[in-house]
$ cat my_file-v4.cif   # mmCIF, C-alpha atoms and all ligand atoms
data_final
#
loop_
_atom_site.label_atom_id
_atom_site.label_comp_id
_atom_site.auth_asym_id
_atom_site.auth_seq_id
_atom_site.Cartn_x
_atom_site.Cartn_y
_atom_site.Cartn_z
CA MET A 19 12.89 -20.73 -16.94
CA THR A 20 10.42 -17.91 -16.58
CA SER A 21 7.06 -18.63 -15.12
CA GLN A 22 3.94 -17.54 -16.95
CA ASN A 23 1.83 -17.93 -13.83
CA PRO A 24 0.38 -14.93 -12.06
CA VAL A 25 2.06 -14.03 -8.78
CA PHE A 26 0.07 -13.92 -5.55
CA ILE A 27 2.55 -11.92 -3.51
CA PRO A 28 1.27 -8.63 -2.11
CA GLY A 29 3.53 -6.64 -4.39
CA PRO A 30 5.16 -6.34 -6.78
CA THR A 31 1.91 -7.20 -8.54
CA ASN A 32 1.20 -8.65 -11.97
CA ILE A 33 1.94 -6.12 -14.72
CA PRO A 34 -0.64 -5.68 -17.49
CA GLU A 35 0.91 -6.08 -20.94
CA VAL A 36 0.06 -2.50 -21.95
CA LEU A 37 1.92 -1.15 -18.93
CA ARG A 38 4.97 -3.31 -19.64
CA LYS A 39 5.03 -1.81 -23.10
CA ALA A 40 4.50 1.73 -21.80
CA VAL A 41 7.50 1.38 -19.49
CA ASP A 42 9.70 0.06 -22.30
CA MET A 43 10.55 3.29 -24.13
CA PRO A 44 13.31 4.53 -26.36
CA THR A 45 15.41 7.27 -24.80
CA ILE A 46 14.02 10.78 -25.02
CA ASP A 47 15.65 14.03 -24.00
CA HIS A 48 14.29 14.52 -20.49
CA ARG A 49 15.08 18.22 -20.70
CA SER A 50 12.89 18.66 -23.77
CA PRO A 51 9.17 19.55 -23.77
CA VAL A 52 8.42 15.94 -24.73
CA PHE A 53 9.09 14.95 -21.12
CA GLY A 54 6.64 17.52 -19.75
CA ARG A 55 3.90 15.86 -21.78
CA ILE A 56 4.53 12.65 -19.82
CA LEU A 57 5.22 14.20 -16.42
CA HIS A 58 2.30 16.57 -15.94
CA PRO A 59 -0.50 14.17 -16.95
CA ALA A 60 1.09 11.53 -14.67
CA LEU A 61 1.09 13.95 -11.70
CA ASP A 62 -2.52 14.93 -12.47
CA GLY A 63 -3.54 11.29 -12.68
CA VAL A 64 -2.03 10.55 -9.26
CA LYS A 65 -3.89 13.55 -7.80
CA GLN A 66 -7.16 12.04 -8.94
CA VAL A 67 -6.30 8.62 -7.57
CA LEU A 68 -5.38 10.18 -4.21
CA LYS A 69 -8.61 12.23 -4.29
CA THR A 70 -6.87 15.48 -3.62
CA ALA A 71 -7.64 18.84 -5.20
CA GLU A 72 -5.34 20.93 -3.05
CA GLY A 73 -2.46 18.54 -2.51
CA ARG A 74 0.76 18.44 -4.53
CA VAL A 75 2.15 15.24 -5.98
CA PHE A 76 5.84 14.29 -6.02
CA VAL A 77 7.30 11.19 -7.65
CA PHE A 78 10.85 10.05 -6.85
CA PRO A 79 12.97 7.34 -8.43
CA SER A 80 12.77 5.11 -5.35
CA THR A 81 10.32 2.75 -3.63
CA GLY A 82 7.74 3.01 -0.86
CA THR A 83 10.54 3.06 1.71
CA GLY A 84 12.01 6.15 0.04
CA GLY A 85 8.50 7.60 0.25
CA TRP A 86 8.56 7.17 4.06
CA GLU A 87 11.91 8.97 4.15
CA THR A 88 10.62 11.76 1.92
CA ALA A 89 7.63 12.24 4.24
CA ILE A 90 9.58 12.48 7.49
CA THR A 91 12.72 14.32 6.34
CA ASN A 92 10.73 17.08 4.60
CA THR A 93 8.45 17.85 7.54
CA LEU A 94 10.26 17.01 10.81
CA SER A 95 13.39 17.92 12.78
CA ALA A 96 15.66 15.78 14.98
CA GLY A 97 14.13 15.27 18.41
CA ASP A 98 10.57 15.86 17.21
CA LYS A 99 8.01 13.64 18.83
CA VAL A 100 5.86 11.45 16.59
CA LEU A 101 3.05 9.06 17.48
CA ALA A 102 2.81 5.67 15.78
CA THR A 103 1.54 2.17 16.33
CA ARG A 104 3.40 -1.08 15.69
CA ASN A 105 0.97 -3.66 14.36
CA GLY A 106 3.00 -5.37 11.63
CA MET A 107 6.29 -5.40 9.77
CA PHE A 108 5.67 -2.28 7.70
CA SER A 109 4.60 -0.04 10.58
CA HIS A 110 7.58 -1.49 12.49
CA ARG A 111 10.01 -0.52 9.71
CA TRP A 112 8.67 3.04 9.43
CA ILE A 113 9.08 3.45 13.20
CA ASP A 114 12.63 2.10 12.95
CA MET A 115 13.39 4.62 10.19
CA CYS A 116 12.07 7.47 12.34
CA GLN A 117 14.24 6.37 15.25
CA ARG A 118 17.31 6.17 13.02
CA HIS A 119 16.61 9.76 11.97
CA GLY A 120 16.66 10.84 15.61
CA LEU A 121 12.91 11.29 16.03
CA ASP A 122 11.33 10.56 19.40
CA VAL A 123 8.70 7.97 18.55
CA GLN A 124 5.91 7.22 20.99
CA VAL A 125 5.00 3.68 19.97
CA VAL A 126 1.62 2.16 20.82
CA MET A 127 2.17 -1.61 20.71
CA GLN A 128 -0.67 -3.58 19.15
CA GLU A 129 -1.20 -7.29 18.61
CA TRP A 130 -0.35 -8.20 15.02
CA GLY A 131 -3.79 -8.60 13.48
CA GLU A 132 -5.14 -5.42 15.06
CA GLY A 133 -5.39 -2.00 13.42
CA VAL A 134 -4.31 1.54 14.28
CA PRO A 135 -5.97 2.28 17.67
CA ALA A 136 -7.68 5.60 16.95
CA ASP A 137 -9.19 5.76 20.46
CA ARG A 138 -5.79 5.34 22.14
CA PHE A 139 -4.39 7.96 19.79
CA GLU A 140 -7.17 10.35 20.82
CA ASP A 141 -6.32 9.89 24.53
CA ILE A 142 -2.61 10.46 23.90
CA LEU A 143 -3.22 13.50 21.68
CA THR A 144 -5.68 14.99 24.16
CA ALA A 145 -3.12 14.60 26.98
CA ASP A 146 -0.47 16.31 24.84
CA ARG A 147 -1.65 19.81 25.73
CA GLU A 148 1.61 21.45 24.70
CA HIS A 149 1.43 19.89 21.25
CA GLN A 150 4.82 18.22 21.49
CA ILE A 151 3.70 15.57 19.01
CA LYS A 152 4.49 16.88 15.55
CA ALA A 153 3.23 14.00 13.44
CA VAL A 154 0.97 10.97 13.64
CA LEU A 155 1.99 7.99 11.51
CA ALA A 156 -0.57 5.48 10.27
CA THR A 157 -0.23 2.47 8.01
CA HIS A 158 -3.49 2.23 6.08
CA ASN A 159 -2.99 -1.36 4.95
CA GLU A 160 -0.57 -3.43 7.05
CA THR A 161 0.66 -5.76 4.32
CA ALA A 162 2.26 -8.20 6.78
CA THR A 163 -1.02 -9.04 8.52
CA GLY A 164 -3.68 -8.15 5.96
CA VAL A 165 -5.16 -5.46 8.20
CA ARG A 166 -6.93 -2.34 7.00
CA SER A 167 -7.03 0.59 9.41
CA ASP A 168 -9.59 3.38 9.56
CA ILE A 169 -7.78 6.57 8.55
CA ALA A 170 -10.93 8.70 8.85
CA ALA A 171 -11.08 7.61 12.51
CA VAL A 172 -7.47 8.71 13.04
CA ARG A 173 -8.39 12.12 11.58
CA ARG A 174 -11.40 12.28 13.93
CA ALA A 175 -9.07 11.50 16.86
CA LEU A 176 -6.80 14.41 15.91
CA ASP A 177 -9.77 16.74 15.50
CA ALA A 178 -11.45 15.63 18.74
CA ALA A 179 -8.19 16.39 20.57
CA GLY A 180 -7.91 19.73 18.75
CA HIS A 181 -4.37 18.64 17.88
CA PRO A 182 -2.35 20.24 15.05
CA ALA A 183 0.02 17.29 14.35
CA LEU A 184 0.55 16.27 10.74
CA LEU A 185 -1.13 13.04 9.64
CA LEU A 186 1.33 10.93 7.60
CA VAL A 187 -0.19 7.84 5.99
CA ASP A 188 1.49 4.83 4.43
CA GLY A 189 -0.91 3.87 1.66
CA VAL A 190 1.59 1.74 -0.26
CA SER A 191 -0.68 -1.32 -0.43
CA SER A 192 -4.07 0.43 -0.24
CA ILE A 193 -3.91 3.33 -2.69
CA ALA A 194 -5.46 2.35 -6.05
CA CYS A 195 -6.75 -0.87 -4.41
CA TYR A 196 -9.40 0.44 -2.05
CA ASP A 197 -10.88 3.72 -0.99
CA PHE A 198 -8.41 6.46 -0.13
CA ARG A 199 -9.53 10.08 0.34
CA MET A 200 -6.61 12.39 0.95
CA ASP A 201 -8.53 15.67 1.24
CA GLU A 202 -11.64 14.34 2.97
CA TRP A 203 -9.61 12.50 5.62
CA GLY A 204 -7.22 15.40 6.13
CA VAL A 205 -4.19 13.32 5.22
CA ASP A 206 -1.12 15.58 5.17
CA ILE A 207 1.19 13.18 3.39
CA ALA A 208 0.13 10.09 1.46
CA VAL A 209 2.90 7.64 0.56
CA THR A 210 2.77 4.92 -2.05
CA GLY A 211 4.91 3.16 -4.65
CA SER A 212 4.61 2.04 -8.26
CA GLN A 213 4.56 -1.74 -7.79
CA LYS A 214 1.33 -2.37 -5.93
CA GLY A 215 -2.03 -0.80 -6.86
CA PHE A 216 -0.44 1.02 -9.81
CA MET A 217 0.51 -2.34 -11.36
CA LEU A 218 3.96 -1.14 -12.50
CA PRO A 219 7.46 -2.47 -11.89
CA PRO A 220 9.09 -1.20 -8.67
CA GLY A 221 11.04 2.02 -8.95
CA LEU A 222 8.85 4.96 -7.97
CA ALA A 223 8.00 6.54 -4.62
CA ILE A 224 4.73 8.43 -5.10
CA LEU A 225 3.60 11.06 -2.60
CA GLY A 226 0.86 13.61 -2.03
CA PHE A 227 1.61 16.65 0.20
CA SER A 228 -1.20 18.77 1.66
CA PRO A 229 -0.78 22.58 1.90
CA LYS A 230 -0.08 22.12 5.63
CA ALA A 231 2.68 19.59 4.86
CA MET A 232 4.10 21.97 2.22
CA ALA A 233 4.28 24.70 4.89
CA ALA A 234 6.06 22.34 7.33
CA VAL A 235 8.81 21.80 4.75
CA GLU A 236 10.10 25.33 5.37
CA THR A 237 10.85 24.75 9.05
CA ALA A 238 11.81 21.04 8.99
CA ARG A 239 15.52 20.53 9.62
CA LEU A 240 16.16 16.82 9.06
CA PRO A 241 18.89 16.50 6.41
CA ARG A 242 17.58 15.82 2.92
CA THR A 243 19.02 16.28 -0.54
CA PHE A 244 17.87 13.63 -3.01
CA PHE A 245 14.40 13.62 -1.44
CA ASP A 246 14.05 17.39 -0.96
CA ILE A 247 10.65 18.23 -2.40
CA ARG A 248 11.63 21.89 -2.82
CA ASP A 249 14.17 20.87 -5.46
CA MET A 250 11.58 18.57 -7.02
CA ALA A 251 8.98 21.37 -7.08
CA ARG A 252 11.47 23.68 -8.82
CA GLY A 253 12.19 20.91 -11.31
CA TYR A 254 8.49 20.37 -12.05
CA ALA A 255 7.98 24.10 -12.60
CA ALA A 256 10.58 23.83 -15.37
CA ASN A 257 9.11 20.56 -16.80
CA GLY A 258 11.88 18.45 -15.40
CA TYR A 259 13.63 16.75 -12.49
CA PRO A 260 16.55 17.94 -10.38
CA TYR A 261 18.29 14.82 -11.78
CA THR A 262 17.63 12.22 -14.46
CA PRO A 263 14.01 11.05 -14.24
CA PRO A 264 12.92 7.42 -14.77
CA VAL A 265 11.07 8.36 -17.95
CA GLY A 266 9.71 4.93 -18.82
CA LEU A 267 8.24 4.39 -15.36
CA LEU A 268 6.64 7.84 -15.43
CA ASN A 269 5.18 7.03 -18.84
CA GLY A 270 3.82 3.85 -17.29
CA LEU A 271 2.44 5.80 -14.32
CA ASN A 272 0.59 8.13 -16.65
CA LEU A 273 -1.03 5.19 -18.41
CA ALA A 274 -1.71 3.30 -15.16
CA CYS A 275 -3.65 6.30 -13.81
CA GLN A 276 -5.62 6.51 -17.05
CA MET A 277 -6.45 2.80 -16.82
CA LEU A 278 -7.60 3.12 -13.19
CA LEU A 279 -9.68 6.22 -13.95
CA ASP A 280 -11.16 4.67 -17.11
CA GLU A 281 -12.19 1.58 -15.18
CA GLY A 282 -13.52 3.98 -12.54
CA LEU A 283 -12.03 4.04 -9.06
CA ASP A 284 -15.25 2.71 -7.56
CA ASN A 285 -15.14 -0.22 -9.98
CA VAL A 286 -11.48 -0.85 -9.17
CA PHE A 287 -12.36 -0.92 -5.46
CA ALA A 288 -15.39 -3.16 -6.07
CA ARG A 289 -13.23 -5.57 -8.06
CA HIS A 290 -10.64 -5.75 -5.28
CA HIS A 291 -13.40 -6.29 -2.72
CA ARG A 292 -15.07 -9.02 -4.74
CA ILE A 293 -11.83 -10.90 -5.39
CA ALA A 294 -10.73 -10.54 -1.74
CA GLU A 295 -14.09 -11.78 -0.51
CA GLY A 296 -13.76 -14.89 -2.70
CA VAL A 297 -10.36 -15.60 -1.13
CA ARG A 298 -11.84 -15.11 2.34
CA ARG A 299 -14.68 -17.55 1.58
CA ALA A 300 -12.07 -20.08 0.47
CA VAL A 301 -10.11 -19.61 3.71
CA ASP A 302 -13.31 -20.17 5.63
CA ALA A 303 -14.07 -23.33 3.63
CA TRP A 304 -10.58 -24.65 4.47
CA GLY A 305 -11.38 -24.22 8.15
CA LEU A 306 -8.53 -21.70 8.52
CA ARG A 307 -8.51 -18.22 10.04
CA LEU A 308 -7.15 -14.90 8.92
CA CYS A 309 -4.51 -13.05 10.91
CA ALA A 310 -6.77 -9.94 10.87
CA ALA A 311 -8.72 -10.04 14.11
CA ARG A 312 -12.16 -8.90 12.92
CA PRO A 313 -14.09 -8.48 9.66
CA ASP A 314 -13.89 -4.66 9.79
CA LEU A 315 -10.10 -5.06 9.64
CA TYR A 316 -10.03 -7.38 6.62
CA SER A 317 -7.86 -6.05 3.83
CA ASP A 318 -9.05 -6.09 0.24
CA SER A 319 -5.47 -6.23 -1.06
CA VAL A 320 -3.90 -9.10 0.89
CA SER A 321 -5.02 -11.97 3.12
CA ALA A 322 -2.63 -13.33 5.75
CA ILE A 323 -3.80 -16.84 6.57
CA ARG A 324 -2.96 -18.56 9.85
CA VAL A 325 -1.85 -22.19 9.55
CA PRO A 326 -2.51 -24.84 12.22
CA GLU A 327 -0.31 -24.59 15.32
CA GLY A 328 3.00 -26.39 14.88
CA PHE A 329 2.93 -26.29 11.08
CA ASP A 330 5.55 -24.07 9.38
CA ALA A 331 3.73 -21.76 6.96
CA ASN A 332 6.95 -21.18 5.00
CA ARG A 333 6.64 -24.76 3.72
CA ILE A 334 3.50 -23.72 1.84
CA VAL A 335 5.31 -20.86 0.13
CA SER A 336 8.36 -22.90 -0.87
CA HIS A 337 6.34 -25.93 -2.00
CA ALA A 338 4.08 -23.71 -4.15
CA LEU A 339 7.11 -22.23 -5.84
CA ASN A 340 9.05 -25.48 -6.28
CA THR A 341 6.16 -27.64 -7.39
CA TYR A 342 3.68 -25.36 -9.15
CA ASP A 343 5.73 -22.27 -10.00
CA VAL A 344 3.37 -20.03 -8.08
CA ALA A 345 4.45 -17.36 -5.61
CA PHE A 346 2.61 -16.65 -2.36
CA GLY A 347 3.84 -14.31 0.36
CA THR A 348 5.68 -15.56 3.43
CA GLY A 349 4.97 -14.45 6.97
CA LEU A 350 7.14 -11.56 8.15
CA GLY A 351 8.48 -10.61 11.58
CA ASP A 352 6.33 -11.68 14.52
CA VAL A 353 4.12 -13.88 12.30
CA ALA A 354 6.94 -15.55 10.32
CA GLY A 355 6.11 -19.25 9.93
CA LYS A 356 2.64 -18.68 11.36
CA VAL A 357 0.93 -17.23 8.28
CA PHE A 358 1.22 -17.32 4.53
CA ARG A 359 -0.18 -14.53 2.43
CA ILE A 360 -2.25 -14.42 -0.72
CA GLY A 361 -1.82 -11.07 -2.42
CA HIS A 362 -4.93 -10.06 -4.37
CA LEU A 363 -4.16 -6.55 -5.49
CA GLY A 364 -3.47 -4.85 -8.76
CA MET A 365 -4.29 -6.38 -12.11
CA LEU A 366 -6.28 -9.45 -11.12
CA THR A 367 -9.47 -11.10 -12.31
CA ASP A 368 -11.79 -13.59 -10.63
CA VAL A 369 -10.35 -16.33 -12.84
CA MET A 370 -6.77 -15.51 -11.86
CA ALA A 371 -7.78 -15.54 -8.19
CA LEU A 372 -9.36 -18.98 -8.64
CA SER A 373 -6.06 -20.33 -9.96
CA GLY A 374 -4.29 -19.08 -6.85
CA ILE A 375 -6.91 -20.58 -4.55
CA ALA A 376 -6.71 -23.91 -6.43
CA THR A 377 -2.92 -23.89 -6.13
CA ALA A 378 -3.03 -23.19 -2.40
CA GLU A 379 -5.34 -26.20 -2.03
CA MET A 380 -3.00 -28.52 -3.94
CA VAL A 381 -0.06 -27.34 -1.86
CA MET A 382 -1.80 -27.79 1.48
CA ALA A 383 -3.09 -31.24 0.46
CA ASP A 384 0.43 -32.23 -0.70
CA LEU A 385 1.81 -31.19 2.68
CA GLY A 386 -0.75 -33.28 4.56
CA LEU A 387 -3.02 -30.55 5.85
CA PRO A 388 -6.67 -31.67 6.11
CA ILE A 389 -7.91 -29.80 3.02
CA THR A 390 -10.60 -31.13 0.68
CA LEU A 391 -9.54 -30.32 -2.86
CA GLY A 392 -12.03 -27.98 -4.46
CA SER A 393 -13.62 -26.78 -1.21
CA GLY A 394 -12.11 -23.30 -1.30
CA VAL A 395 -12.40 -23.06 -5.06
CA ALA A 396 -16.13 -23.90 -4.86
CA ALA A 397 -16.75 -21.32 -2.13
CA ALA A 398 -14.98 -18.65 -4.19
CA GLN A 399 -16.76 -19.75 -7.39
CA ASP A 400 -20.11 -19.34 -5.65
CA HIS A 401 -19.17 -15.85 -4.62
CA TYR A 402 -17.80 -14.88 -8.04
CA ARG A 403 -20.88 -16.24 -9.82
CA GLN A 404 -23.20 -14.25 -7.58
CA SER A 405 -21.23 -11.05 -7.97
CA ALA A 406 -19.96 -11.68 -11.51
CA ALA A 407 -18.03 -8.77 -12.93
CA GLY A 408 -18.68 -9.81 -16.54
CA SER A 409 -22.47 -9.81 -16.25
CA GLN A 410 -22.33 -6.37 -14.64
CA ARG A 411 -20.21 -5.16 -17.52
CA ALA A 412 -22.58 -6.72 -20.06
CA ALA A 413 -25.59 -5.13 -18.37
CA ALA A 414 -23.94 -1.72 -18.24
C1 LIG A 501 5.45 -2.67 0.10
C2 LIG A 501 5.20 -1.78 1.26
C3 LIG A 501 6.14 -0.84 1.71
C4 LIG A 501 7.54 -0.78 1.22
O1 LIG A 501 7.66 -0.46 -0.06
P1 LIG A 501 8.99 -0.76 -0.88
O2 LIG A 501 8.53 -0.36 -2.22
O3 LIG A 501 9.29 -2.22 -0.74
O4 LIG A 501 10.05 0.10 -0.34
C5 LIG A 501 5.78 0.01 2.72
N1 LIG A 501 4.58 -0.06 3.29
C6 LIG A 501 3.66 -0.98 2.93
C7 LIG A 501 2.36 -1.00 3.63
C8 LIG A 501 3.95 -1.86 1.90
O5 LIG A 501 3.03 -2.77 1.55
#
$ encode --input "my_file-v4.cif" --output "structure tokens" --more "lines below"
Ligand SMILES: *Cc1c(COP(=O)(O)O)cnc(C)c1O
Amino acid sequence: MTSQNPVFIPGPTNIPEVLRKAVDMPTIDHRSPVFGRILHPALDGVKQVLKTAEGRVFVFPSTGTGGWETAITNTLSAGDKVLATRNGMFSHRWIDMCQRHGLDVQVVMQEWGEGVPADRFEDILTADREHQIKAVLATHNETATGVRSDIAAVRRALDAAGHPALLLVDGVSSIACYDFRMDEWGVDIAVTGSQKGFMLPPGLAILGFSPKAMAAVETARLPRTFFDIRDMARGYAANGYPYTPPVGLLNGLNLACQMLLDEGLDNVFARHHRIAEGVRRAVDAWGLRLCAARPDLYSDSVSAIRVPEGFDANRIVSHALNTYDVAFGTGLGDVAGKVFRIGHLGMLTDVMALSGIATAEMVMADLGLPITLGSGVAAAQDHYRQSAAGSQRAAA
């Protein structure tokens, strides 16, 4: 049986019907000019979403994880020192990948629920007078904990230290959900994937490379073949790929960018913020707490919700699926069993969010948690009524 309910996992996200249709394409000759008419507008669209004028966009048949590998293998060499923080499962996995590639990772350990410590980074970068650190890694939105980090502050830390390291940013669950400014923040590589803010099926690693990152490619010596952006750049110059491109997904990406830009990025971000805030009000009404330590860290794409001590949060996720056919996210790594996650990114409306909040209430009540049915829904309704998207649209 297939469920018609929206999913509330923090990716893959719900796919708008028009994008499902755009991805479902008859075969075309990917070496013909027809393909160029899909590829180039898609790359241009991504540039606008990343807010980069000078960066170059590369899209691989892969996922966000392949995007991490593309970022490090194209710009670094074995033994290079990189600076990163571990504050959740995704930052942890990127660090692990770097170590497996023979990079020397200086890891700043953070509590899960905290963000990237820009001040600690500034101290470490300032002390690195010989500029041994070649890259700084930052996870913009830590999807495991629902924490948003301040990338502009990481850039300020690099600048204050007068440090030339590359700034590599995982924006897999932030890009196209909330504000991301590649050029303004001096991001050298932005990494994302197709199945989160872009509302598409999984299958694409999407990257922006700054001119400085493009220059680093020439001296980087980590082995790379499939993910070598020099081959990809030569392919693009000839309207193609160095191998068979995922044409349907690229067609979808082109349309997804158009949809985001037509809605207006600021409106997309405002929608995510409004929906997220409704979820947060519901959490508050339930008497529960977020994993994110402080309001300035709250993510607009996912909320990780702490359950009472001694209660296994995974029961919420499995009961929701078994009883109501609704998917929430489980806790990962250090917070497994301690949190469940409500993903609120991608194609979502206030009304869809209310159904997720209502389901979470039924589940928690079924499992004996002290939840008053309707309490979270009412808190979110209040917020959505006050900030109604529809009335804004009607007034516009
Ligand atoms: C989803 C996600 C990834 C991994 O992406 P895959 O597409 O699963 O490889 C990496 N980083 C963050 C922050 C994510 O949310």
$ residues_around --input "my_file-v4.cif" --residues "Glu140 (chain A)" --least-positions-apart "4" --cutoff "7 Å" --atoms "only C-alpha atoms" --output "PyMOL selection string"
chain A and resi 136+144+175-176+179
$ write_last_selection --input "my_file-v4.cif" --atoms "C-alpha atoms" --output "compact mmCIF listing (two decimals), in the frame of the given file"
# COMPACT_ATOMS: atom_id res chain seq x y z
CA ALA A 136 -7.68 5.60 16.95
CA THR A 144 -5.68 14.99 24.16
CA ALA A 175 -9.07 11.50 16.86
CA LEU A 176 -6.80 14.41 15.91
CA ALA A 179 -8.19 16.39 20.57
$ atom_distance --input "my_file-v4.cif" --atom1 "CA of Thr243 (chain A)" --atom2 "CA of Ala223 (chain A)"
15.3 Å
$ closest_atom_pairs --input "my_file-v4.cif" --of "chain A" --to "ligand LIG 501 (chain A)" --cutoff "8 Å" --atoms "only C-alpha atoms and all ligand atoms" --output "Markdown table"
| residue | atom | partner | partner_atom | distance |
| --- | --- | --- | --- | --- |
| A:Pro28 | CA | A:LIG501 | O5 | 7.1 |
| A:Gly29 | CA | A:LIG501 | C1 | 6.3 |
| A:Pro30 | CA | A:LIG501 | C1 | 7.8 |
| A:Ser80 | CA | A:LIG501 | O4 | 7.6 |
| A:Thr81 | CA | A:LIG501 | O2 | 3.9 |
| A:Gly82 | CA | A:LIG501 | O1 | 3.6 |
| A:Thr83 | CA | A:LIG501 | O4 | 3.6 |
| A:Gly84 | CA | A:LIG501 | O4 | 6.4 |
| A:Gly85 | CA | A:LIG501 | O4 | 7.7 |
| A:Trp86 | CA | A:LIG501 | C5 | 7.8 |
| A:Phe108 | CA | A:LIG501 | N1 | 5.1 |
| A:Ser109 | CA | A:LIG501 | N1 | 7.3 |
| A:Trp112 | CA | A:LIG501 | C5 | 7.9 |
| A:Thr157 | CA | A:LIG501 | C7 | 6.2 |
| A:His158 | CA | A:LIG501 | C7 | 7.1 |
| A:Asn159 | CA | A:LIG501 | C7 | 5.5 |
| A:Glu160 | CA | A:LIG501 | C7 | 5.1 |
| A:Thr161 | CA | A:LIG501 | O5 | 4.7 |
| A:Ala162 | CA | A:LIG501 | O5 | 7.6 |
| A:Asp188 | CA | A:LIG501 | N1 | 5.9 |
| A:Gly189 | CA | A:LIG501 | C7 | 6.2 |
| A:Val190 | CA | A:LIG501 | C6 | 4.7 |
| A:Ser191 | CA | A:LIG501 | O5 | 4.4 |
| A:Ser192 | CA | A:LIG501 | C7 | 7.6 |
| A:Thr210 | CA | A:LIG501 | C5 | 7.5 |
| A:Gly211 | CA | A:LIG501 | O2 | 5.6 |
| A:Ser212 | CA | A:LIG501 | O2 | 7.6 |
| A:Gln213 | CA | A:LIG501 | O2 | 7.0 |
| A:Lys214 | CA | A:LIG501 | C1 | 7.3 |
| A:Pro220 | CA | A:LIG501 | O2 | 6.5 |
| A:Gly221 | CA | A:LIG501 | O2 | 7.6 |
| A:Leu222 | CA | A:LIG501 | O2 | 7.8 |
| A:Ala223 | CA | A:LIG501 | O2 | 7.3 |
$ closest_residue --input "my_file-v4.cif" --among "A:Ile247, A:Ile169, A:Ala183, A:Leu37" --to "Asp146 (chain A)" --atoms "only C-alpha atoms"
A:Ala183
$ residues_near_point --input "my_file-v4.cif" --point "(6.3, -27.2, -2.5)" --cutoff "12 Å" --atoms "all atoms listed in the file" --output "PDB file with C-alpha atoms, in the coordinates of the input"
ATOM      1  CA  ALA A 331       3.730 -21.760   6.960  1.00  0.00           C
ATOM      2  CA  ASN A 332       6.950 -21.180   5.000  1.00  0.00           C
ATOM      3  CA  ARG A 333       6.640 -24.760   3.720  1.00  0.00           C
ATOM      4  CA  ILE A 334       3.500 -23.720   1.840  1.00  0.00           C
ATOM      5  CA  VAL A 335       5.310 -20.860   0.130  1.00  0.00           C
ATOM      6  CA  SER A 336       8.360 -22.900  -0.870  1.00  0.00           C
ATOM      7  CA  HIS A 337       6.340 -25.930  -2.000  1.00  0.00           C
ATOM      8  CA  ALA A 338       4.080 -23.710  -4.150  1.00  0.00           C
ATOM      9  CA  LEU A 339       7.110 -22.230  -5.840  1.00  0.00           C
ATOM     10  CA  ASN A 340       9.050 -25.480  -6.280  1.00  0.00           C
ATOM     11  CA  THR A 341       6.160 -27.640  -7.390  1.00  0.00           C
ATOM     12  CA  TYR A 342       3.680 -25.360  -9.150  1.00  0.00           C
ATOM     13  CA  ASP A 343       5.730 -22.270 -10.000  1.00  0.00           C
ATOM     14  CA  VAL A 344       3.370 -20.030  -8.080  1.00  0.00           C
ATOM     15  CA  ALA A 345       4.450 -17.360  -5.610  1.00  0.00           C
ATOM     16  CA  PHE A 346       2.610 -16.650  -2.360  1.00  0.00           C
ATOM     17  CA  THR A 377      -2.920 -23.890  -6.130  1.00  0.00           C
ATOM     18  CA  ALA A 378      -3.030 -23.190  -2.400  1.00  0.00           C
ATOM     19  CA  GLU A 379      -5.340 -26.200  -2.030  1.00  0.00           C
ATOM     20  CA  MET A 380      -3.000 -28.520  -3.940  1.00  0.00           C
ATOM     21  CA  VAL A 381      -0.060 -27.340  -1.860  1.00  0.00           C
ATOM     22  CA  MET A 382      -1.800 -27.790   1.480  1.00  0.00           C
ATOM     23  CA  ALA A 383      -3.090 -31.240   0.460  1.00  0.00           C
ATOM     24  CA  ASP A 384       0.430 -32.230  -0.700  1.00  0.00           C
ATOM     25  CA  LEU A 385       1.810 -31.190   2.680  1.00  0.00           C
ATOM     26  CA  GLY A 386      -0.750 -33.280   4.560  1.00  0.00           C
TER      27      GLY A 386
END
$ residues_around --input "my_file-v4.cif" --residues "Pro264 (chain A)" --least-positions-apart "4" --cutoff "10 Å" --atoms "all atoms listed in the file" --output "tab-separated table (two decimals) with C-alpha atoms, keeping the file's coordinate frame"
chain	number	residue	atom	x	y	z
A	41	VAL	CA	7.50	1.38	-19.49
A	48	HIS	CA	14.29	14.52	-20.49
A	77	VAL	CA	7.30	11.19	-7.65
A	78	PHE	CA	10.85	10.05	-6.85
A	79	PRO	CA	12.97	7.34	-8.43
A	80	SER	CA	12.77	5.11	-5.35
A	221	GLY	CA	11.04	2.02	-8.95
A	222	LEU	CA	8.85	4.96	-7.97
A	259	TYR	CA	13.63	16.75	-12.49
A	268	LEU	CA	6.64	7.84	-15.43
A	269	ASN	CA	5.18	7.03	-18.84
$ closest_residue --input "my_file-v4.cif" --among "A:Arg111, A:His119, A:Lys69, A:His362" --to "Pro241 (chain A)" --atoms "all atoms listed in the file"
A:His119
$ closest_residue --input "my_file-v4.cif" --among "A:Gly328, A:Gly361, A:Gly258, A:Gly120" --to "Arg239 (chain A)" --atoms "all atoms listed in the file"
A:Gly120
$ closest_atom_pairs --input "my_file-v4.cif" --of "region 218-294 of chain A" --to "region 388-401 of chain A" --cutoff "10 Å" --atoms "all atoms listed in the file" --output "Markdown table"
| residue | atom | partner | partner_atom | distance |
| --- | --- | --- | --- | --- |
| A:Arg292 | CA | A:His401 | CA | 8.0 |
| A:Ile293 | CA | A:Ala398 | CA | 8.5 |
| A:Ala294 | CA | A:Ala398 | CA | 9.5 |
$ residues_around --input "my_file-v4.cif" --residues "Arg104 (chain A)" --least-positions-apart "2" --cutoff "9 Å" --atoms "only C-alpha atoms" --output "ChimeraX atom specification"
/A:102,106-111,113,125-130,134
